[in-house]
$ cat input-v5.cif   # mmCIF, C-alpha atoms and all ligand atoms
data_final
#
loop_
_atom_site.label_atom_id
_atom_site.label_comp_id
_atom_site.auth_asym_id
_atom_site.auth_seq_id
_atom_site.Cartn_x
_atom_site.Cartn_y
_atom_site.Cartn_z
CA MET D 1371 -34.46 60.07 91.15
CA SER D 1372 -34.66 60.73 87.43
CA GLN D 1373 -32.92 58.03 85.42
CA THR D 1374 -31.49 60.38 82.78
CA ALA D 1375 -27.72 60.21 83.04
CA ILE D 1376 -25.90 63.48 83.57
CA ASP D 1377 -22.72 64.26 81.68
CA TRP D 1378 -20.76 65.72 84.58
CA ALA D 1379 -17.93 66.87 82.32
CA ARG D 1380 -20.45 69.05 80.48
CA VAL D 1381 -21.82 70.34 83.76
CA ARG D 1382 -18.31 71.29 84.83
CA ALA D 1383 -17.82 73.17 81.56
CA ASP D 1384 -20.66 75.48 82.64
CA PHE D 1385 -18.29 77.01 85.23
CA PRO D 1386 -15.85 79.33 83.42
CA LEU D 1387 -13.62 79.88 86.44
CA LEU D 1388 -12.83 76.18 86.77
CA GLU D 1389 -10.85 76.39 83.53
CA ARG D 1390 -8.21 78.68 84.96
CA GLN D 1391 -4.79 77.88 86.29
CA VAL D 1392 -3.17 79.02 89.53
CA HIS D 1393 0.58 79.07 90.02
CA GLY D 1394 0.90 77.49 86.58
CA LYS D 1395 -1.17 74.45 87.59
CA PRO D 1396 -4.77 73.54 86.72
CA LEU D 1397 -7.04 74.84 89.48
CA VAL D 1398 -8.50 72.18 91.76
CA TYR D 1399 -11.19 74.10 93.64
CA LEU D 1400 -12.11 72.27 96.84
CA ASP D 1401 -13.52 75.17 98.86
CA SER D 1402 -17.18 75.15 97.91
CA ALA D 1403 -18.32 75.11 101.54
CA ASN D 1404 -16.72 78.54 101.75
CA THR D 1405 -18.28 79.83 98.56
CA GLY D 1406 -19.51 78.01 95.49
CA GLN D 1407 -18.41 78.71 91.92
CA LYS D 1408 -20.90 80.24 89.50
CA PRO D 1409 -22.19 78.76 86.26
CA ALA D 1410 -22.30 80.97 83.16
CA ALA D 1411 -26.11 81.09 83.41
CA VAL D 1412 -25.87 82.96 86.73
CA ILE D 1413 -23.14 85.32 85.54
CA GLU D 1414 -25.18 86.05 82.40
CA ALA D 1415 -28.39 86.69 84.36
CA VAL D 1416 -26.63 89.35 86.45
CA ASP D 1417 -24.95 90.81 83.36
CA ASP D 1418 -28.26 90.89 81.47
CA PHE D 1419 -29.99 92.68 84.31
CA TYR D 1420 -27.45 95.49 84.35
CA ARG D 1421 -27.23 95.70 80.53
CA ARG D 1422 -30.95 95.64 79.78
CA HIS D 1423 -33.26 96.01 82.77
CA ASN D 1424 -31.51 97.94 85.54
CA ALA D 1425 -33.97 99.96 87.63
CA ASN D 1426 -35.09 100.03 91.24
CA VAL D 1427 -37.85 97.69 92.41
CA SER D 1428 -41.33 98.47 93.75
CA ARG D 1429 -41.02 102.21 93.07
CA ALA D 1430 -41.11 103.29 89.45
CA VAL D 1431 -44.04 102.75 87.08
CA HIS D 1432 -41.86 102.98 83.99
CA ALA D 1433 -41.08 99.92 81.89
CA LEU D 1434 -37.67 99.24 83.40
CA GLY D 1435 -39.03 99.57 86.93
CA THR D 1436 -41.75 97.06 86.14
CA GLU D 1437 -39.28 94.65 84.54
CA ALA D 1438 -36.90 94.87 87.50
CA THR D 1439 -39.71 94.31 90.01
CA GLU D 1440 -41.09 91.38 88.06
CA ALA D 1441 -37.67 89.75 87.72
CA TYR D 1442 -36.90 90.25 91.43
CA GLU D 1443 -40.26 88.82 92.51
CA ALA D 1444 -39.86 85.95 90.02
CA ALA D 1445 -36.57 85.09 91.74
CA ARG D 1446 -38.36 85.00 95.09
CA ALA D 1447 -41.01 82.70 93.60
CA LYS D 1448 -38.35 80.37 92.16
CA LEU D 1449 -36.53 80.10 95.46
CA ALA D 1450 -39.82 79.54 97.29
CA ALA D 1451 -40.81 76.72 94.91
CA PHE D 1452 -37.32 75.20 95.27
CA LEU D 1453 -37.76 75.07 99.06
CA LYS D 1454 -41.48 74.11 98.87
CA VAL D 1455 -42.61 77.19 100.77
CA HIS D 1456 -44.95 80.09 100.08
CA ARG D 1457 -43.29 83.16 98.57
CA ASP D 1458 -44.90 85.46 101.17
CA GLU D 1459 -43.00 83.60 103.88
CA LEU D 1460 -39.62 84.14 102.21
CA VAL D 1461 -37.68 87.27 103.17
CA LEU D 1462 -34.83 87.97 100.75
CA CYS D 1463 -31.71 89.30 102.42
CA SER D 1464 -27.92 89.32 102.18
CA GLY D 1465 -27.50 85.79 103.51
CA THR D 1466 -27.50 83.59 106.55
CA THR D 1467 -25.74 86.04 108.85
CA PHE D 1468 -28.30 88.74 108.16
CA ALA D 1469 -31.20 86.29 108.42
CA ILE D 1470 -30.13 85.01 111.85
CA ASN D 1471 -29.60 88.54 113.12
CA LEU D 1472 -33.05 89.44 111.86
CA VAL D 1473 -34.60 86.65 113.92
CA ALA D 1474 -32.39 87.44 116.93
CA TYR D 1475 -33.35 91.11 117.01
CA SER D 1476 -36.90 90.96 115.75
CA TRP D 1477 -38.18 87.70 117.23
CA ALA D 1478 -35.95 86.97 120.23
CA LEU D 1479 -35.04 90.39 121.64
CA PRO D 1480 -38.61 91.44 122.44
CA ARG D 1481 -39.48 88.04 123.88
CA LEU D 1482 -36.54 86.77 125.90
CA LYS D 1483 -36.14 87.65 129.55
CA ALA D 1484 -33.82 86.83 132.42
CA GLY D 1485 -34.00 83.13 133.19
CA ASP D 1486 -34.74 82.09 129.59
CA ALA D 1487 -32.23 80.02 127.67
CA ILE D 1488 -31.15 79.71 124.04
CA LEU D 1489 -29.97 76.22 123.17
CA LEU D 1490 -27.22 75.89 120.54
CA THR D 1491 -25.19 72.95 119.38
CA ARG D 1492 -21.42 72.60 119.65
CA MET D 1493 -21.14 72.50 115.87
CA GLU D 1494 -22.70 75.89 115.06
CA HIS D 1495 -21.02 78.45 112.82
CA HIS D 1496 -20.26 81.74 114.58
CA ALA D 1497 -23.19 83.23 112.64
CA ASN D 1498 -25.48 81.01 114.71
CA ILE D 1499 -23.76 81.80 118.02
CA VAL D 1500 -22.79 85.46 118.21
CA PRO D 1501 -26.21 87.03 117.42
CA TRP D 1502 -27.69 84.94 120.25
CA GLN D 1503 -24.96 86.01 122.64
CA LEU D 1504 -25.70 89.64 121.81
CA VAL D 1505 -29.40 89.13 122.47
CA ALA D 1506 -28.69 87.11 125.62
CA GLU D 1507 -26.56 89.93 127.01
CA ARG D 1508 -29.36 92.41 126.50
CA THR D 1509 -32.16 90.25 127.89
CA GLY D 1510 -30.47 88.31 130.68
CA ALA D 1511 -31.10 85.02 128.90
CA ARG D 1512 -28.31 82.46 128.86
CA ILE D 1513 -26.78 80.20 126.23
CA LYS D 1514 -26.90 76.42 126.70
CA VAL D 1515 -24.81 74.06 124.59
CA ALA D 1516 -25.78 70.66 123.23
CA GLU D 1517 -22.66 68.52 122.94
CA ILE D 1518 -21.46 66.21 120.19
CA THR D 1519 -19.83 62.81 120.14
CA PRO D 1520 -16.16 62.40 119.08
CA ALA D 1521 -17.41 61.20 115.68
CA GLY D 1522 -19.02 64.60 115.25
CA GLU D 1523 -22.66 63.64 115.63
CA LEU D 1524 -25.07 65.37 117.95
CA ASP D 1525 -25.57 63.48 121.18
CA LEU D 1526 -29.34 63.28 120.81
CA ASP D 1527 -30.04 62.05 124.35
CA ALA D 1528 -28.06 64.97 125.74
CA LEU D 1529 -29.80 67.34 123.35
CA TYR D 1530 -33.26 66.22 124.44
CA ARG D 1531 -32.25 66.39 128.10
CA ALA D 1532 -31.06 69.96 127.48
CA MET D 1533 -34.52 70.92 126.17
CA THR D 1534 -35.65 72.09 129.60
CA PRO D 1535 -38.62 74.44 130.23
CA GLU D 1536 -36.53 77.64 130.24
CA VAL D 1537 -35.29 76.94 126.69
CA THR D 1538 -37.10 79.32 124.37
CA LEU D 1539 -35.24 78.75 121.14
CA LEU D 1540 -33.03 76.07 119.62
CA GLY D 1541 -30.47 77.12 116.98
CA LEU D 1542 -29.28 74.16 114.96
CA THR D 1543 -27.29 73.70 111.80
CA HIS D 1544 -28.75 71.36 109.18
CA VAL D 1545 -25.27 70.38 107.96
CA SER D 1546 -21.99 71.19 109.71
CA ASN D 1547 -19.59 73.30 107.64
CA VAL D 1548 -16.61 71.69 109.39
CA LEU D 1549 -17.58 68.07 109.98
CA GLY D 1550 -20.05 67.58 107.16
CA THR D 1551 -22.45 66.01 109.66
CA VAL D 1552 -26.05 65.99 108.47
CA ASN D 1553 -28.24 66.45 111.53
CA PRO D 1554 -31.59 64.67 111.91
CA VAL D 1555 -33.39 67.98 111.79
CA ARG D 1556 -36.92 66.64 111.37
CA GLU D 1557 -36.72 64.48 114.48
CA ILE D 1558 -35.05 67.22 116.52
CA CYS D 1559 -37.60 69.85 115.51
CA ARG D 1560 -40.43 67.47 116.41
CA GLU D 1561 -38.96 66.98 119.90
CA ALA D 1562 -38.45 70.73 120.30
CA ARG D 1563 -41.99 71.52 119.19
CA ARG D 1564 -43.42 69.00 121.66
CA ARG D 1565 -41.69 70.99 124.39
CA GLY D 1566 -42.81 74.37 123.04
CA ILE D 1567 -39.32 75.34 121.85
CA VAL D 1568 -39.03 77.47 118.72
CA THR D 1569 -36.43 76.21 116.21
CA LEU D 1570 -34.10 78.00 113.82
CA VAL D 1571 -32.31 75.78 111.31
CA ASP D 1572 -29.19 77.04 109.54
CA GLY D 1573 -29.45 75.59 106.04
CA SER D 1574 -26.32 77.25 104.60
CA GLN D 1575 -24.57 73.94 103.93
CA ALA D 1576 -27.67 71.88 103.19
CA VAL D 1577 -29.59 73.74 100.49
CA PRO D 1578 -26.68 73.72 98.00
CA HIS D 1579 -26.23 69.96 98.22
CA ARG D 1580 -29.49 68.07 98.78
CA PRO D 1581 -33.20 68.49 98.19
CA VAL D 1582 -34.63 70.56 101.07
CA ASP D 1583 -38.37 70.59 101.70
CA ILE D 1584 -38.65 73.12 104.52
CA PRO D 1585 -42.24 72.40 105.66
CA SER D 1586 -41.41 68.71 106.09
CA LEU D 1587 -38.69 69.63 108.62
CA GLY D 1588 -41.17 71.18 111.05
CA CYS D 1589 -38.93 74.10 112.04
CA ASP D 1590 -40.00 77.68 112.77
CA PHE D 1591 -37.20 79.49 110.96
CA TYR D 1592 -34.90 78.30 108.16
CA VAL D 1593 -32.04 80.41 106.83
CA LEU D 1594 -29.78 80.10 103.81
CA THR D 1595 -27.14 81.92 101.87
CA GLY D 1596 -27.11 82.26 98.08
CA HIS D 1597 -23.39 82.30 97.34
CA LYS D 1598 -22.91 78.70 98.48
CA MET D 1599 -25.59 77.49 96.04
CA CYS D 1600 -24.10 78.87 92.81
CA GLY D 1601 -25.68 82.29 93.37
CA PRO D 1602 -24.04 85.70 93.80
CA THR D 1603 -22.63 86.91 97.11
CA GLY D 1604 -24.89 89.14 99.22
CA THR D 1605 -27.98 87.03 98.55
CA GLY D 1606 -29.99 84.67 100.68
CA ALA D 1607 -33.22 84.24 102.55
CA LEU D 1608 -35.06 83.77 105.78
CA TRP D 1609 -38.08 81.51 105.74
CA ALA D 1610 -40.36 81.83 108.74
CA ARG D 1611 -43.78 80.56 109.66
CA ARG D 1612 -46.41 83.09 108.67
CA GLU D 1613 -47.51 83.65 112.28
CA HIS D 1614 -43.98 84.60 113.30
CA LEU D 1615 -43.56 87.04 110.43
CA ALA D 1616 -46.91 88.63 111.27
CA ALA D 1617 -46.01 89.02 114.96
CA MET D 1618 -42.41 90.20 114.53
CA PRO D 1619 -41.67 93.94 114.43
CA PRO D 1620 -39.52 95.20 111.55
CA PHE D 1621 -35.78 94.76 111.98
CA LEU D 1622 -34.69 97.74 109.87
CA GLY D 1623 -36.80 100.75 108.93
CA GLY D 1624 -36.79 102.68 105.68
CA GLY D 1625 -38.19 102.58 102.17
CA GLU D 1626 -39.89 99.47 100.72
CA MET D 1627 -41.01 98.17 104.11
CA ILE D 1628 -43.87 100.67 104.58
CA LYS D 1629 -47.40 101.25 103.31
CA GLU D 1630 -47.74 104.78 104.66
CA VAL D 1631 -45.47 107.08 106.60
CA ARG D 1632 -46.69 110.01 108.66
CA PHE D 1633 -44.62 111.72 111.31
CA GLU D 1634 -47.14 110.54 113.91
CA ALA D 1635 -47.03 106.89 112.87
CA THR D 1636 -46.05 104.52 110.08
CA VAL D 1637 -48.05 101.65 108.65
CA PHE D 1638 -45.72 98.81 107.78
CA ASN D 1639 -45.89 96.73 104.63
CA ASP D 1640 -47.02 93.11 104.80
CA PRO D 1641 -44.43 90.33 105.15
CA PRO D 1642 -42.07 89.60 103.54
CA HIS D 1643 -41.61 93.24 102.41
CA LYS D 1644 -41.94 94.44 106.02
CA PHE D 1645 -38.45 92.97 106.53
CA GLU D 1646 -36.84 94.25 103.33
CA ALA D 1647 -36.02 97.89 104.05
CA GLY D 1648 -34.12 99.84 101.41
CA THR D 1649 -33.00 98.94 97.91
CA PRO D 1650 -32.29 95.23 97.89
CA ASN D 1651 -29.59 93.32 96.00
CA ILE D 1652 -31.78 93.17 92.90
CA ALA D 1653 -29.24 91.83 90.40
CA GLY D 1654 -27.88 89.38 92.96
CA HIS D 1655 -31.26 87.85 93.69
CA ILE D 1656 -32.06 87.64 89.99
CA GLY D 1657 -28.77 85.75 89.74
CA LEU D 1658 -29.89 83.54 92.62
CA GLY D 1659 -33.10 82.81 90.71
CA ALA D 1660 -30.94 81.72 87.77
CA ALA D 1661 -28.92 79.52 90.15
CA VAL D 1662 -32.14 77.87 91.34
CA ASP D 1663 -33.12 77.21 87.71
CA TYR D 1664 -29.67 75.77 87.07
CA LEU D 1665 -29.68 73.45 90.10
CA THR D 1666 -33.26 72.39 89.38
CA ALA D 1667 -32.41 71.49 85.78
CA ILE D 1668 -29.70 69.11 87.02
CA GLY D 1669 -31.84 67.88 89.92
CA MET D 1670 -30.91 68.13 93.60
CA ASP D 1671 -31.25 64.38 94.05
CA ARG D 1672 -28.64 63.84 91.33
CA ILE D 1673 -26.38 66.52 92.80
CA ASP D 1674 -26.63 64.78 96.16
CA ALA D 1675 -25.81 61.38 94.65
CA ARG D 1676 -22.87 62.78 92.69
CA GLU D 1677 -21.40 64.49 95.75
CA GLN D 1678 -21.85 61.34 97.84
CA GLU D 1679 -19.79 59.44 95.26
CA LEU D 1680 -17.03 62.05 95.40
CA LEU D 1681 -17.18 62.04 99.21
CA ALA D 1682 -16.82 58.25 99.38
CA HIS D 1683 -13.84 58.39 97.02
CA ALA D 1684 -12.17 61.24 98.92
CA THR D 1685 -12.78 59.67 102.33
CA GLU D 1686 -11.23 56.40 101.25
CA ALA D 1687 -8.27 58.00 99.45
CA LEU D 1688 -7.48 60.47 102.23
CA GLY D 1689 -7.97 57.76 104.85
CA ALA D 1690 -5.13 55.83 103.22
CA VAL D 1691 -2.65 58.74 103.52
CA GLU D 1692 -0.16 58.05 106.30
CA GLY D 1693 -0.33 60.56 109.14
CA LEU D 1694 -3.61 62.06 107.95
CA ARG D 1695 -6.51 62.25 110.41
CA ILE D 1696 -10.03 63.03 109.28
CA ILE D 1697 -12.09 64.98 111.81
CA GLY D 1698 -15.75 64.11 111.58
CA SER D 1699 -16.97 60.64 110.75
CA ALA D 1700 -20.73 60.98 111.15
CA ARG D 1701 -22.88 58.26 109.64
CA GLU D 1702 -24.60 60.79 107.42
CA LYS D 1703 -22.26 63.35 105.92
CA ALA D 1704 -22.16 65.98 103.23
CA ALA D 1705 -19.06 66.26 101.02
CA VAL D 1706 -16.95 68.15 103.54
CA ILE D 1707 -13.74 66.64 104.90
CA SER D 1708 -11.75 68.32 107.66
CA PHE D 1709 -8.34 66.85 108.21
CA LEU D 1710 -5.00 67.24 109.91
CA VAL D 1711 -1.64 65.96 108.74
CA GLU D 1712 0.87 64.96 111.36
CA GLY D 1713 3.79 67.40 111.55
CA ALA D 1714 2.15 70.07 109.37
CA HIS D 1715 0.26 73.14 110.51
CA ALA D 1716 -3.05 73.46 108.69
CA HIS D 1717 -2.12 76.89 107.24
CA ASP D 1718 1.28 75.68 106.00
CA LEU D 1719 -0.37 72.68 104.42
CA ALA D 1720 -3.03 74.79 102.69
CA THR D 1721 -0.40 77.27 101.47
CA LEU D 1722 1.71 74.52 99.97
CA LEU D 1723 -1.34 72.81 98.47
CA ASP D 1724 -2.24 76.13 96.85
CA LEU D 1725 1.15 76.11 95.10
CA GLU D 1726 0.07 72.78 93.60
CA GLY D 1727 -3.12 74.44 92.34
CA VAL D 1728 -5.28 72.85 95.06
CA ALA D 1729 -7.55 75.29 96.92
CA VAL D 1730 -8.61 74.05 100.35
CA ARG D 1731 -9.53 76.15 103.35
CA SER D 1732 -7.50 76.14 106.53
CA GLY D 1733 -8.38 77.73 109.85
CA HIS D 1734 -11.12 77.56 112.44
CA HIS D 1735 -13.89 77.74 109.82
CA CYS D 1736 -15.83 80.21 111.98
CA ALA D 1737 -16.38 77.45 114.51
CA HIS D 1738 -14.10 78.15 117.48
CA PRO D 1739 -16.17 76.07 119.95
CA LEU D 1740 -15.86 73.06 117.67
CA MET D 1741 -12.10 73.50 117.35
CA ALA D 1742 -11.93 73.66 121.16
CA PHE D 1743 -13.87 70.37 121.39
CA TYR D 1744 -11.28 68.64 119.19
CA GLY D 1745 -8.41 70.46 120.93
CA VAL D 1746 -7.00 71.92 117.71
CA PRO D 1747 -6.58 75.55 116.61
CA ALA D 1748 -7.30 74.82 112.96
CA THR D 1749 -7.95 72.14 110.37
CA CYS D 1750 -7.65 71.88 106.61
CA ARG D 1751 -10.97 71.40 104.90
CA ALA D 1752 -11.64 70.02 101.46
CA SER D 1753 -15.22 70.63 100.42
CA LEU D 1754 -16.54 69.17 97.21
CA ALA D 1755 -19.34 70.11 94.89
CA PHE D 1756 -20.98 68.33 91.98
CA TYR D 1757 -18.67 70.15 89.53
CA ASN D 1758 -15.61 68.51 91.04
CA THR D 1759 -14.17 65.34 89.54
CA HIS D 1760 -12.65 62.08 90.70
CA GLU D 1761 -9.39 63.23 89.10
CA GLU D 1762 -9.42 66.25 91.39
CA VAL D 1763 -9.80 63.97 94.41
CA GLU D 1764 -6.70 62.11 93.20
CA ALA D 1765 -4.92 65.44 92.62
CA LEU D 1766 -5.63 66.44 96.23
CA VAL D 1767 -4.23 63.18 97.56
CA ALA D 1768 -1.14 63.41 95.33
CA ALA D 1769 -0.53 67.03 96.37
CA ILE D 1770 -0.83 66.14 100.08
CA GLY D 1771 1.68 63.32 99.53
CA LYS D 1772 4.10 65.72 97.85
CA VAL D 1773 3.71 68.39 100.53
CA ARG D 1774 4.15 65.82 103.27
CA ARG D 1775 7.43 64.68 101.80
CA LEU D 1776 8.56 68.33 101.66
CA LEU D 1777 7.60 69.02 105.26
CA LEU D 1778 8.90 65.87 106.91
N1 LIG D 1801 -23.69 79.00 108.71
C1 LIG D 1801 -22.92 78.07 108.14
C2 LIG D 1801 -23.12 76.63 108.52
C3 LIG D 1801 -21.94 78.43 107.20
O1 LIG D 1801 -21.18 77.49 106.65
C4 LIG D 1801 -21.79 79.79 106.87
C5 LIG D 1801 -20.75 80.24 105.91
O2 LIG D 1801 -19.64 79.75 105.91
C6 LIG D 1801 -22.62 80.73 107.48
C7 LIG D 1801 -23.55 80.30 108.40
C8 LIG D 1801 -22.52 82.20 107.18
O3 LIG D 1801 -22.96 82.47 105.88
P1 LIG D 1801 -22.83 83.94 105.29
O4 LIG D 1801 -21.43 84.39 105.58
O5 LIG D 1801 -23.09 83.76 103.84
O6 LIG D 1801 -23.84 84.80 105.96
#
$ encode --input "input-v5.cif" --output "structure tokens"
Amino acid sequence: MSQTAIDWARVRADFPLLERQVHGKPLVYLDSANTGQKPAAVIEAVDDFYRRHNANVSRAVHALGTEATEAYEAARAKLAAFLKVHRDELVLCSGTTFAINLVAYSWALPRLKAGDAILLTRMEHHANIVPWQLVAERTGARIKVAEITPAGELDLDALYRAMTPEVTLLGLTHVSNVLGTVNPVREICREARRRGIVTLVDGSQAVPHRPVDIPSLGCDFYVLTGHKMCGPTGTGALWARREHLAAMPPFLGGGEMIKEVRFEATVFNDPPHKFEAGTPNIAGHIGLGAAVDYLTAIGMDRIDAREQELLAHATEALGAVEGLRIIGSAREKAAVISFLVEGAHAHDLATLLDLEGVAVRSGHHCAHPLMAFYGVPATCRASLAFYNTHEEVEALVAAIGKVRRLLL
């Protein structure tokens, strides 16, 4: 890690929205696992594109068209360098949900057959469950589930036992959006590969918070979403091994993804463009490129360390609140804390916290099977990012105390 100290107050000042008030109170934004706030550099990159360069990509030879194409491809190159992958293996798309559906329909649908199985973990987001169910229904494959321990860690022995010969694909989150659990992805992918199982890793909650070197993980597919990593909504990427991208048929057809179209037959473009039909989210991905620059300038190792400090503080402070139960106590966690307060429904608690200016998410967090495991319909979730402060952790605890006194 670089030794240069970061002035976190100055970093926070890069985020204009964090200066606002809600309900007459200073905003305490603790919902970054839902979507991250945007630094001025990202907002300005999008604004600059529309003010000065707006044109479609890969079509026009005029100056603006060239500028737009260069800026869009530069964003792809930045994201590829950030993830240590080759730009030709990085398909830009609207986010994790799209990326997983792309793999489900383009890779899995033509391959799976009755008797095959797709292995998922108990802690997957619905985005890494439902596309597989849809494909399973159409192919006759079935879904198998790898269970977790009460602490919210994957039961690795059970997971490896579940890797039986009929398992074709393993879908696995890198970091749980509910529990914060960081899964030992490298080890799991190695075990899967030994058994000939293809792996898809959902990096939505990992890439924004820690350095991610995709090739070192040994997976086949890695997906991410831009809006959780300081980028605009409707941005993200699928990384896939070159051989998969070459073998997969296009997911959507249209402009951009072709070399030549005749009514008799069409010659598709090379990957990644083969999977990018239609006009993409040009401004959004240029904004995502700016987000990558921004995160890189701070350093992902320093972001990780900062968030671990905030997590330790929040875990200790919340743990001391009477009647509060934290769900998810994995040994390795990201800065996500799900909790319940005795006598208070999660939605009521979140609504009352909002009146104190504290934004936390309540609900099932798009993880019904995980809620079922813990026997609860919903939790409150505080998720921290590097732009949060220790004072905000204290504000959360104070607000919970106040709300608790109101409710009891
Ligand atoms: N996977 C995980 C672990 C998530 O946390 C989320 C978003 O909450 C998603 C997938 C879906 O991301 P998106 O809605 O950006 O496609």
$ closest_atom_pairs --input "input-v5.cif" --of "region 1517-1564 of chain D" --to "region 1740-1760 of chain D" --cutoff "9 Å" --atoms "only C-alpha atoms" --output "JSON lines"
{"residue": "D:Ile1518", "atom": "CA", "partner": "D:Phe1743", "partner_atom": "CA", "distance": 8.7}
{"residue": "D:Pro1520", "atom": "CA", "partner": "D:Tyr1744", "partner_atom": "CA", "distance": 7.9}
{"residue": "D:Asn1547", "atom": "CA", "partner": "D:Ser1753", "partner_atom": "CA", "distance": 8.9}
{"residue": "D:Val1548", "atom": "CA", "partner": "D:Arg1751", "partner_atom": "CA", "distance": 7.2}
{"residue": "D:Leu1549", "atom": "CA", "partner": "D:Arg1751", "partner_atom": "CA", "distance": 9.0}
{"residue": "D:Gly1550", "atom": "CA", "partner": "D:Ser1753", "partner_atom": "CA", "distance": 8.8}
$ write_last_selection --input "input-v5.cif" --atoms "C-alpha atoms" --output "compact mmCIF listing (two decimals), keeping the file's coordinate frame"
# COMPACT_ATOMS: atom_id res chain seq x y z
CA ILE D 1518 -21.46 66.21 120.19
CA PRO D 1520 -16.16 62.40 119.08
CA ASN D 1547 -19.59 73.30 107.64
CA VAL D 1548 -16.61 71.69 109.39
CA LEU D 1549 -17.58 68.07 109.98
CA GLY D 1550 -20.05 67.58 107.16
$ atom_distance --input "input-v5.cif" --atom1 "CA of Gly1541 (chain D)" --atom2 "CA of Glu1494 (chain D)"
8.1 Å
$ closest_residue --input "input-v5.cif" --among "D:Gly1406, D:Gly1510, D:Gly1596, D:Gly1689" --to "ligand LIG 1801 (chain D)" --atoms "all atoms listed in the file"
D:Gly1596
$ closest_residue --input "input-v5.cif" --among "D:Lys1629, D:Arg1774, D:His1544, D:Arg1508" --to "Tyr1592 (chain D)" --atoms "all atoms listed in the file"
D:His1544
$ closest_residue --input "input-v5.cif" --among "D:Pro1602, D:Ala1511, D:Arg1565, D:Thr1636" --to "Asp1417 (chain D)" --atoms "only C-alpha atoms"
D:Pro1602
$ closest_residue --input "input-v5.cif" --among "D:Met1599, D:Ala1769, D:Val1691, D:Cys1589" --to "ligand LIG 1801 (chain D)" --atoms "all atoms listed in the file"
D:Met1599
$ build_atoms --input "input-v5.cif" --residues "region 1538-1553 of chain D" --atoms "N, CA and C atoms" --output "compact mmCIF listing (two decimals), in the coordinates of the input"
# COMPACT_ATOMS: atom_id res chain seq x y z
N THR D 1538 -36.11 78.64 125.21
CA THR D 1538 -37.10 79.32 124.37
C THR D 1538 -36.85 79.01 122.91
N LEU D 1539 -35.58 78.94 122.54
CA LEU D 1539 -35.24 78.75 121.14
C LEU D 1539 -34.07 77.78 121.00
N LEU D 1540 -34.15 76.95 119.98
CA LEU D 1540 -33.03 76.07 119.62
C LEU D 1540 -32.47 76.52 118.28
N GLY D 1541 -31.15 76.80 118.24
CA GLY D 1541 -30.47 77.12 116.98
C GLY D 1541 -29.64 75.92 116.58
N LEU D 1542 -29.84 75.46 115.37
CA LEU D 1542 -29.28 74.16 114.96
C LEU D 1542 -28.88 74.20 113.50
N THR D 1543 -27.66 73.75 113.21
CA THR D 1543 -27.29 73.70 111.80
C THR D 1543 -27.83 72.42 111.15
N HIS D 1544 -28.25 72.55 109.91
CA HIS D 1544 -28.75 71.36 109.18
C HIS D 1544 -27.56 70.45 108.85
N VAL D 1545 -26.50 71.10 108.31
CA VAL D 1545 -25.27 70.38 107.96
C VAL D 1545 -24.09 71.18 108.49
N SER D 1546 -23.15 70.50 109.15
CA SER D 1546 -21.99 71.19 109.71
C SER D 1546 -21.00 71.59 108.61
N ASN D 1547 -20.54 72.84 108.65
CA ASN D 1547 -19.59 73.30 107.64
C ASN D 1547 -18.18 72.78 107.89
N VAL D 1548 -17.94 72.20 109.07
CA VAL D 1548 -16.61 71.69 109.39
C VAL D 1548 -16.56 70.17 109.30
N LEU D 1549 -17.58 69.53 109.87
CA LEU D 1549 -17.58 68.07 109.98
C LEU D 1549 -18.34 67.40 108.85
N GLY D 1550 -19.19 68.15 108.21
CA GLY D 1550 -20.05 67.58 107.16
C GLY D 1550 -21.25 66.85 107.72
N THR D 1551 -21.35 66.75 109.03
CA THR D 1551 -22.45 66.01 109.66
C THR D 1551 -23.81 66.53 109.20
N VAL D 1552 -24.67 65.61 108.79
CA VAL D 1552 -26.05 65.99 108.47
C VAL D 1552 -26.89 65.66 109.70
N ASN D 1553 -27.48 66.67 110.30
CA ASN D 1553 -28.24 66.45 111.53
C ASN D 1553 -29.67 65.98 111.24
